[in-house]
Amino acid sequence: MDETKYKRAITLFYEVTNRIQLDKSEFYILITRIENDTTIERKETDFFFDAFDVNYDGEISFEEFEDFLKYLCMNNEIYSRKIEFRSADTNRDNLISIDEALSIKQITNEKYDREKIEKLLNDLDLEDEFPFYVYYKLCTGVSIDEKTDPYDGKLQLLNSQSKCCLIL
Ligand SMILES: [Ca+2]
Ligand SMILES: [Ca+2]
């Protein structure tokens, strides 16, 4: 995505919504306009919606939308895997289930299947829900730091903000 397209995307954001955030249908409309492509499938845009609605309020805020645009400009393997993981981790507890990992395959086209996941979980002595480093290993075969945060601190920030509100 070049600078012109980036700026156009920002303009289109405000054409699609007047609420400074987007629901799933509006996000779909926006992406088809940015890409000038009406053949894009709703499941593809839903995949990204789930990944970038980090605070999980059912809306893509302008800030979340900017994160999405930055992602489109990037080519970073580990970050792409984080986005996939976020999309599957719909309840934002840093774990995904086997079924969730299988459900994002229709977008990611990864090669793993249920048997492969179960074998890996068994090798790692884990139950049927697993954290990001396991997902990364599943897709790439590479071991990374078990503490690697798929949300890059964003969830912690949100949690601490909501705790502040309770105190106030
Ligand atoms: Ca949101
Ligand atoms: Ca989860």
# chains A, B, ... in the order shown; residues from 1 in each chain; ligands from 1
>>> closest_atom_pairs(of="chain A", to="ligand 2", cutoff="12 Å", atoms="only C-alpha atoms and all ligand atoms", output="JSON lines")
{"residue": "A:Asp50", "atom": "CA", "partner": "ligand 2", "partner_atom_place_in_ligand_line": "1 (Ca)", "distance": 11.9}
{"residue": "A:Tyr56", "atom": "CA", "partner": "ligand 2", "partner_atom_place_in_ligand_line": "1 (Ca)", "distance": 11.7}
{"residue": "A:Phe85", "atom": "CA", "partner": "ligand 2", "partner_atom_place_in_ligand_line": "1 (Ca)", "distance": 9.3}
{"residue": "A:Arg86", "atom": "CA", "partner": "ligand 2", "partner_atom_place_in_ligand_line": "1 (Ca)", "distance": 8.7}
{"residue": "A:Ser87", "atom": "CA", "partner": "ligand 2", "partner_atom_place_in_ligand_line": "1 (Ca)", "distance": 9.7}
{"residue": "A:Ala88", "atom": "CA", "partner": "ligand 2", "partner_atom_place_in_ligand_line": "1 (Ca)", "distance": 7.3}
{"residue": "A:Asp89", "atom": "CA", "partner": "ligand 2", "partner_atom_place_in_ligand_line": "1 (Ca)", "distance": 4.1}
{"residue": "A:Thr90", "atom": "CA", "partner": "ligand 2", "partner_atom_place_in_ligand_line": "1 (Ca)", "distance": 5.6}
{"residue": "A:Asn91", "atom": "CA", "partner": "ligand 2", "partner_atom_place_in_ligand_line": "1 (Ca)", "distance": 4.7}
{"residue": "A:Arg92", "atom": "CA", "partner": "ligand 2", "partner_atom_place_in_ligand_line": "1 (Ca)", "distance": 5.3}
{"residue": "A:Asp93", "atom": "CA", "partner": "ligand 2", "partner_atom_place_in_ligand_line": "1 (Ca)", "distance": 4.7}
{"residue": "A:Asn94", "atom": "CA", "partner": "ligand 2", "partner_atom_place_in_ligand_line": "1 (Ca)", "distance": 5.6}
{"residue": "A:Leu95", "atom": "CA", "partner": "ligand 2", "partner_atom_place_in_ligand_line": "1 (Ca)", "distance": 4.3}
{"residue": "A:Ile96", "atom": "CA", "partner": "ligand 2", "partner_atom_place_in_ligand_line": "1 (Ca)", "distance": 4.5}
{"residue": "A:Ser97", "atom": "CA", "partner": "ligand 2", "partner_atom_place_in_ligand_line": "1 (Ca)", "distance": 6.9}
{"residue": "A:Ile98", "atom": "CA", "partner": "ligand 2", "partner_atom_place_in_ligand_line": "1 (Ca)", "distance": 10.5}
{"residue": "A:Asp99", "atom": "CA", "partner": "ligand 2", "partner_atom_place_in_ligand_line": "1 (Ca)", "distance": 10.8}
{"residue": "A:Glu100", "atom": "CA", "partner": "ligand 2", "partner_atom_place_in_ligand_line": "1 (Ca)", "distance": 8.4}
{"residue": "A:Ala101", "atom": "CA", "partner": "ligand 2", "partner_atom_place_in_ligand_line": "1 (Ca)", "distance": 10.3}
{"residue": "A:Asp128", "atom": "CA", "partner": "ligand 2", "partner_atom_place_in_ligand_line": "1 (Ca)", "distance": 11.2}
{"residue": "A:Glu129", "atom": "CA", "partner": "ligand 2", "partner_atom_place_in_ligand_line": "1 (Ca)", "distance": 7.8}
{"residue": "A:Phe130", "atom": "CA", "partner": "ligand 2", "partner_atom_place_in_ligand_line": "1 (Ca)", "distance": 8.6}
{"residue": "A:Pro131", "atom": "CA", "partner": "ligand 2", "partner_atom_place_in_ligand_line": "1 (Ca)", "distance": 8.7}
{"residue": "A:Phe132", "atom": "CA", "partner": "ligand 2", "partner_atom_place_in_ligand_line": "1 (Ca)", "distance": 10.5}
{"residue": "A:Pro150", "atom": "CA", "partner": "ligand 2", "partner_atom_place_in_ligand_line": "1 (Ca)", "distance": 11.8}
>>> residues_near_ligand(ligand="ligand 1", cutoff="12 Å", atoms="only C-alpha atoms and all ligand atoms", output="count of residues only")
30
>>> atom_distance(atom1="CA of Asn36 in chain A", atom2="CA of Glu110 in chain A")
26.8 Å
>>> closest_residue(among="A:Arg33, A:Lys70, A:Lys105, A:Arg114", to="Val16 in chain A", atoms="only C-alpha atoms")
A:Arg33
>>> residues_around(residues="Lys7 in chain A", least_positions_apart="4", cutoff="12 Å", atoms="only C-alpha atoms", output="PyMOL selection string")
chain A and resi 1-3+11-14+34+66+69-70
>>> closest_residue(among="A:Val134, A:Asn75, A:Glu84, A:Gly141", to="Gln106 in chain A", atoms="only C-alpha atoms")
A:Glu84
